[in-house]
$ cat target-v1.cif   # mmCIF, C-alpha atoms
data_work
loop_
_atom_site.label_atom_id
_atom_site.label_comp_id
_atom_site.auth_asym_id
_atom_site.auth_seq_id
_atom_site.Cartn_x
_atom_site.Cartn_y
_atom_site.Cartn_z
CA ASP A 1 20.64 -25.55 161.47
CA ALA A 2 23.80 -27.63 161.03
CA THR A 3 21.85 -30.59 159.64
CA SER A 4 20.49 -28.45 156.81
CA MET A 5 23.97 -28.33 155.30
CA ALA A 6 23.80 -31.95 154.16
CA PRO A 7 21.00 -31.53 151.52
CA ALA A 8 22.78 -28.48 150.13
CA ALA A 9 26.06 -30.39 149.85
CA THR A 10 24.24 -33.26 148.11
CA ALA A 11 22.67 -30.84 145.64
CA ARG A 12 26.05 -29.33 144.90
CA ALA A 13 27.61 -32.74 144.31
CA TRP A 14 24.77 -33.72 141.93
CA LEU A 15 25.12 -30.43 140.04
CA ALA A 16 28.89 -30.82 139.75
CA SER A 17 28.44 -34.34 138.35
CA ALA A 18 25.92 -33.14 135.74
CA LEU A 19 28.15 -30.26 134.70
CA LEU A 20 31.13 -32.59 134.47
CA VAL A 21 29.28 -34.84 132.04
CA CYS A 22 28.57 -31.81 129.87
CA SER A 23 32.21 -30.74 130.05
CA LEU A 24 33.54 -34.17 129.11
CA ALA A 25 31.08 -34.47 126.25
CA SER A 26 32.19 -31.15 124.81
CA ALA A 27 35.85 -32.14 125.33
CA GLY A 28 35.56 -35.23 123.14
CA ALA A 29 34.19 -37.96 125.44
CA ARG A 30 31.59 -39.27 123.01
CA THR A 31 30.28 -42.39 124.72
CA GLN A 32 29.13 -43.28 128.22
CA ARG A 33 32.15 -45.58 128.49
CA ASP A 34 34.49 -42.66 127.73
CA ILE A 35 32.77 -40.50 130.32
CA ALA A 36 32.83 -43.26 132.96
CA LYS A 37 36.53 -43.89 132.30
CA LYS A 38 37.45 -40.22 132.62
CA THR A 39 35.40 -39.67 135.78
CA ALA A 40 36.95 -42.75 137.42
CA GLN A 41 40.39 -41.23 136.90
CA MET A 42 39.49 -37.91 138.50
CA THR A 43 40.85 -36.89 141.90
CA GLU A 44 39.13 -34.90 144.65
CA GLU A 45 41.02 -31.84 143.43
CA ASP A 46 39.65 -32.36 139.90
CA TRP A 47 36.08 -32.53 141.22
CA ARG A 48 36.60 -29.40 143.30
CA ARG A 49 37.99 -27.53 140.29
CA VAL A 50 35.03 -28.53 138.10
CA GLU A 51 32.61 -27.39 140.78
CA GLU A 52 34.37 -24.04 141.19
CA GLU A 53 34.54 -23.44 137.41
CA TRP A 54 30.78 -23.87 136.99
CA GLU A 55 29.70 -22.27 140.25
CA THR A 56 28.29 -18.75 140.01
CA PRO A 57 29.01 -16.12 142.70
CA GLU A 58 25.35 -16.34 143.78
CA GLU A 59 25.58 -20.14 144.21
CA LYS A 60 28.84 -19.83 146.13
CA GLU A 61 27.25 -17.36 148.55
CA GLU A 62 24.18 -19.58 148.93
CA TYR A 63 26.11 -22.77 149.71
CA GLU A 64 28.87 -21.18 151.76
CA PHE A 65 28.74 -22.11 155.45
CA LYS A 66 27.48 -19.26 157.61
CA PRO A 67 27.56 -19.78 161.37
CA PRO A 68 24.52 -18.42 163.22
CA LYS A 69 24.70 -14.99 164.79
CA ALA A 70 24.80 -14.53 168.54
CA ARG A 71 21.62 -13.39 170.22
CA GLY A 72 21.66 -10.72 172.89
CA LEU A 73 19.44 -10.67 175.95
CA ASP A 74 16.13 -8.89 175.42
CA VAL A 75 15.61 -7.50 178.92
CA GLU A 76 12.03 -6.35 178.28
CA LYS A 77 11.04 -9.75 176.94
CA LEU A 78 12.75 -11.36 179.94
CA GLN A 79 10.74 -9.19 182.32
CA ARG A 80 7.48 -10.07 180.58
CA GLU A 81 8.16 -13.81 180.69
CA LYS A 82 6.49 -15.42 183.75
CA ASP A 83 7.78 -18.98 183.37
CA PRO A 84 11.04 -19.35 185.41
CA LYS A 85 12.32 -22.15 183.16
CA LYS A 86 11.81 -20.05 180.02
CA ARG A 87 13.53 -17.08 181.68
CA GLN A 88 16.49 -19.30 182.55
CA ARG A 89 16.63 -20.55 178.95
CA MET A 90 16.61 -16.98 177.62
CA VAL A 91 19.57 -16.09 179.84
CA GLU A 92 21.45 -19.23 178.77
CA ASP A 93 20.83 -18.49 175.09
CA SER A 94 22.17 -14.96 175.50
CA GLN A 95 25.39 -16.33 177.02
CA LYS A 96 26.19 -18.59 174.08
CA THR A 97 29.32 -17.71 172.20
CA THR A 98 29.81 -17.73 168.43
CA GLY A 99 33.36 -18.96 168.97
CA PRO A 100 34.83 -22.24 170.23
CA THR A 101 33.15 -24.01 173.11
CA MET A 102 33.49 -27.34 174.94
CA ILE A 103 30.90 -29.74 176.32
CA PHE A 104 31.66 -32.67 178.62
CA ALA A 105 29.79 -35.96 178.65
CA THR A 106 30.13 -38.62 181.36
CA VAL A 107 29.66 -42.15 180.03
CA ASP A 108 28.90 -45.59 181.43
CA TYR A 109 28.63 -48.99 179.76
CA PRO A 110 29.26 -52.65 180.59
CA GLY A 111 32.91 -52.98 181.58
CA CYS A 112 33.37 -49.25 182.19
CA CYS A 113 35.78 -47.85 183.13
CA GLU A 114 39.05 -49.58 184.02
CA ASP A 115 40.79 -48.05 181.00
CA LYS A 116 40.01 -45.82 178.00
CA THR A 117 39.55 -48.58 175.42
CA GLY A 118 35.76 -48.79 175.54
CA THR A 119 35.38 -45.02 175.86
CA GLU A 120 37.60 -44.47 172.82
CA GLU A 121 35.37 -46.81 170.80
CA ILE A 122 32.32 -44.79 171.86
CA ALA A 123 34.03 -41.51 170.92
CA LYS A 124 34.92 -42.94 167.51
CA ARG A 125 31.30 -44.01 166.93
CA TRP A 126 29.97 -40.65 168.11
CA ASN A 127 32.32 -38.83 165.73
CA ALA A 128 30.96 -40.89 162.83
CA LEU A 129 27.39 -40.05 163.85
CA LEU A 130 28.22 -36.36 164.23
CA GLY A 131 29.73 -36.36 160.75
CA SER A 132 26.71 -38.10 159.24
CA LYS A 133 24.46 -35.42 160.75
CA GLY A 134 26.64 -32.62 159.38
CA MET A 135 27.39 -31.32 162.87
CA ASP A 136 30.47 -29.18 163.48
CA ALA A 137 31.94 -31.02 166.49
CA GLN A 138 34.63 -33.51 167.44
CA ALA A 139 34.55 -35.95 170.37
CA TYR A 140 37.74 -36.61 172.37
CA VAL A 141 38.39 -38.92 175.32
CA VAL A 142 39.75 -36.98 178.31
CA ASP A 143 39.62 -39.78 180.89
CA ASN A 144 38.24 -43.29 181.30
CA ALA A 145 34.63 -42.13 181.69
CA THR A 146 34.56 -38.64 180.13
CA ILE A 147 34.25 -37.49 176.52
CA LEU A 148 34.84 -33.89 175.47
CA PHE A 149 32.93 -32.33 172.57
CA SER A 150 34.76 -29.46 170.92
CA THR A 151 33.15 -27.13 168.37
CA ASN A 152 34.25 -23.89 166.72
CA HIS A 153 30.67 -22.60 166.71
CA GLY A 154 29.26 -22.36 170.23
CA LEU A 155 25.76 -21.55 169.01
CA PHE A 156 25.44 -25.21 168.00
CA ALA A 157 26.00 -26.32 171.61
CA ASP A 158 22.31 -27.10 172.19
CA GLU A 159 22.30 -29.51 169.24
CA ILE A 160 25.46 -31.22 170.49
CA VAL A 161 24.04 -31.60 174.00
CA GLU A 162 20.83 -33.00 172.52
CA PHE A 163 22.84 -35.46 170.43
CA ALA A 164 24.84 -36.65 173.46
CA LEU A 165 21.71 -37.12 175.58
CA GLU A 166 20.25 -39.37 172.86
CA GLN A 167 23.15 -41.83 173.23
CA PRO A 168 22.50 -44.80 175.57
CA GLU A 169 25.99 -44.56 177.12
CA CYS A 170 25.59 -40.93 178.18
CA VAL A 171 25.26 -40.47 181.95
CA ALA A 172 25.12 -36.67 181.83
CA THR A 173 26.37 -33.60 179.98
CA ASP A 174 28.06 -30.60 181.54
CA TRP A 175 27.96 -27.33 179.64
CA ASN A 176 27.66 -23.67 180.60
CA SER A 177 27.68 -24.61 184.32
CA LYS A 178 24.64 -26.82 183.77
CA ARG A 179 24.51 -30.59 184.30
CA THR A 180 21.84 -32.52 182.38
CA PRO A 181 21.25 -36.22 183.17
CA GLY A 182 21.18 -38.75 180.34
CA PRO A 183 19.80 -42.27 179.84
CA ALA A 184 22.77 -43.99 181.50
CA GLU A 185 22.23 -42.22 184.84
CA THR A 186 20.49 -45.24 186.32
CA PRO A 187 20.11 -46.25 189.99
CA GLU A 188 22.91 -48.78 189.38
CA TRP A 189 25.22 -46.07 188.07
CA LYS A 190 24.38 -43.80 191.01
CA ALA A 191 25.25 -46.62 193.43
CA LYS A 192 28.57 -47.23 191.67
CA ASP A 193 29.25 -43.50 191.65
CA GLU A 194 28.70 -43.27 195.40
CA VAL A 195 31.20 -46.10 195.91
CA ARG A 196 33.72 -44.33 193.65
CA LYS A 197 33.21 -41.03 195.46
CA ALA A 198 33.68 -42.70 198.86
CA ALA A 199 36.86 -44.45 197.67
CA LYS A 200 38.19 -41.18 196.24
CA ALA A 201 37.36 -39.28 199.43
CA LYS A 202 39.16 -41.94 201.45
CA ALA A 203 42.20 -41.83 199.17
CA ASP A 204 42.24 -38.01 199.23
CA ALA A 205 42.03 -38.01 203.04
CA ALA A 206 44.90 -40.51 203.28
CA ALA A 207 47.01 -38.45 200.89
CA LYS A 208 46.28 -35.28 202.85
CA ALA A 209 47.17 -36.96 206.14
CA ALA A 210 50.43 -38.29 204.66
CA LYS A 211 51.31 -34.84 203.35
CA GLU A 212 50.58 -33.18 206.70
CA ALA A 213 52.64 -35.84 208.53
CA ALA A 214 55.57 -35.30 206.14
CA GLU A 215 55.36 -31.52 206.63
CA LYS A 216 55.33 -31.92 210.44
CA ALA A 217 58.31 -34.28 210.29
CA ALA A 218 60.19 -31.80 208.12
CA LYS A 219 59.47 -28.99 210.59
CA ARG A 220 60.66 -31.11 213.55
CA ALA A 221 63.86 -31.99 211.70
CA LYS A 222 64.43 -28.32 210.91
CA ARG A 223 63.95 -27.35 214.57
CA ARG A 224 66.43 -30.07 215.64
CA ARG A 225 69.05 -28.78 213.21
CA ARG A 226 68.60 -25.22 214.48
CA ARG A 227 68.88 -26.40 218.11
CA LYS A 228 72.08 -28.32 217.39
CA LYS A 229 73.58 -25.28 215.68
CA ARG A 230 72.78 -23.10 218.71
CA GLU A 231 74.26 -25.68 221.07
CA ALA A 232 77.40 -25.98 218.96
CA LYS A 233 77.77 -22.18 218.88
CA GLN A 234 77.33 -21.88 222.64
CA LYS A 235 79.93 -24.63 223.18
CA ASP A 236 82.46 -22.81 221.00
CA GLU A 237 81.92 -19.55 222.91
CA VAL A 238 82.63 -21.29 226.21
#
$ encode --input "target-v1.cif" --output "structure tokens"
Amino acid sequence: DATSMAPAATARAWLASALLVCSLASAGARTQRDIAKKTAQMTEEDWRRVEEEWETPEEKEEYEFKPPKARGLDVEKLQREKDPKKRQRMVEDSQKTTGPTMIFATVDYPGCCEDKTGTEEIAKRWNALLGSKGMDAQAYVVDNATILFSTNHGLFADEIVEFALEQPECVATDWNSKRTPGPAETPEWKAKDEVRKAAKAKADAAAKAAKEAAEKAAKRAKRRRRRKKREAKQKDEV
């Protein structure tokens, strides 16, 4: 579980601090004021070096991040399962990748979505929440109403989808060819979406008609040029 990494990291930080106090004491820092002064002057690199110096190989292996292993499809178990939803979930789980994957989230909020400003603020807030939960994912704005989650460990996709669906601005998530509605998919949003779809369909039809008209005009002009060339050639022969 990605969230289980946070307690381990906290334990490591506490241990490094305790070991540092011991190191400073043995190095001549005799009082608490000396120790506080020296620790205040330390950089991130200093802290990392102290932690590595005191860390045993066993501790390093224990705390090192290990992405979960992919699970294959147990065909016999699938055949025994009678619940269609559980069978579908088993198939989906077997298709998860251990490598990079992407999840899309449609959003809606008051004032959405004339530009990306509000959506960028939401992505920034979601990134902070993802970081606080120790989740390996980044949120990016791809258009005015869509946020993309990117992760290097696809087996965490379920947790990312669950996180997105907990956010009040999430209309729906799209991952692994599956769309899941969120709290912002309200009747009001559906009505607005129908209006947007109708406007887009109308614009697409107009663009298609304009393109077809331009193509027909180009063909007529080409035929006229060919006809004039034939007439000019016939006139020269006479």
$ atom_distance --input "target-v1.cif" --atom1 "atom CA of A:Gly118" --atom2 "atom CA of A:Leu148"
14.9 Å
$ closest_residue --input "target-v1.cif" --among "A:Arg230, A:Glu169, A:Phe163, A:Phe104" --to "A:Phe149" --atoms "only C-alpha atoms"
A:Phe104
$ residues_around --input "target-v1.cif" --residues "A:Ile122" --least-positions-apart "5" --cutoff "12 Å" --atoms "all atoms listed in the file" --output "ChimeraX atom specification"
/A:105-109,112,116-117,127-129,139-141,144-148,164,167-170
$ atom_distance --input "target-v1.cif" --atom1 "atom CA of A:Ile103" --atom2 "atom CA of A:Arg196"
22.8 Å
$ closest_residue --input "target-v1.cif" --among "A:Val195, A:Asp115, A:Arg227, A:Thr101" --to "A:Ala157" --atoms "only C-alpha atoms"
A:Thr101
$ closest_residue --input "target-v1.cif" --among "A:Asp204, A:Ala213, A:Pro100, A:Trp175" --to "A:Ser150" --atoms "all atoms listed in the file"
A:Pro100
$ resolve_selection --input "target-v1.cif" --expression "the PyMOL selection byres ((chain A and resi 159) around 12)" --output "PyMOL selection string"
chain A and resi 1-3+103+130+133-137+149+151+153-158+160-166
$ atom_distance --input "target-v1.cif" --atom1 "atom CA of A:Ala214" --atom2 "atom CA of A:Glu231"
25.8 Å
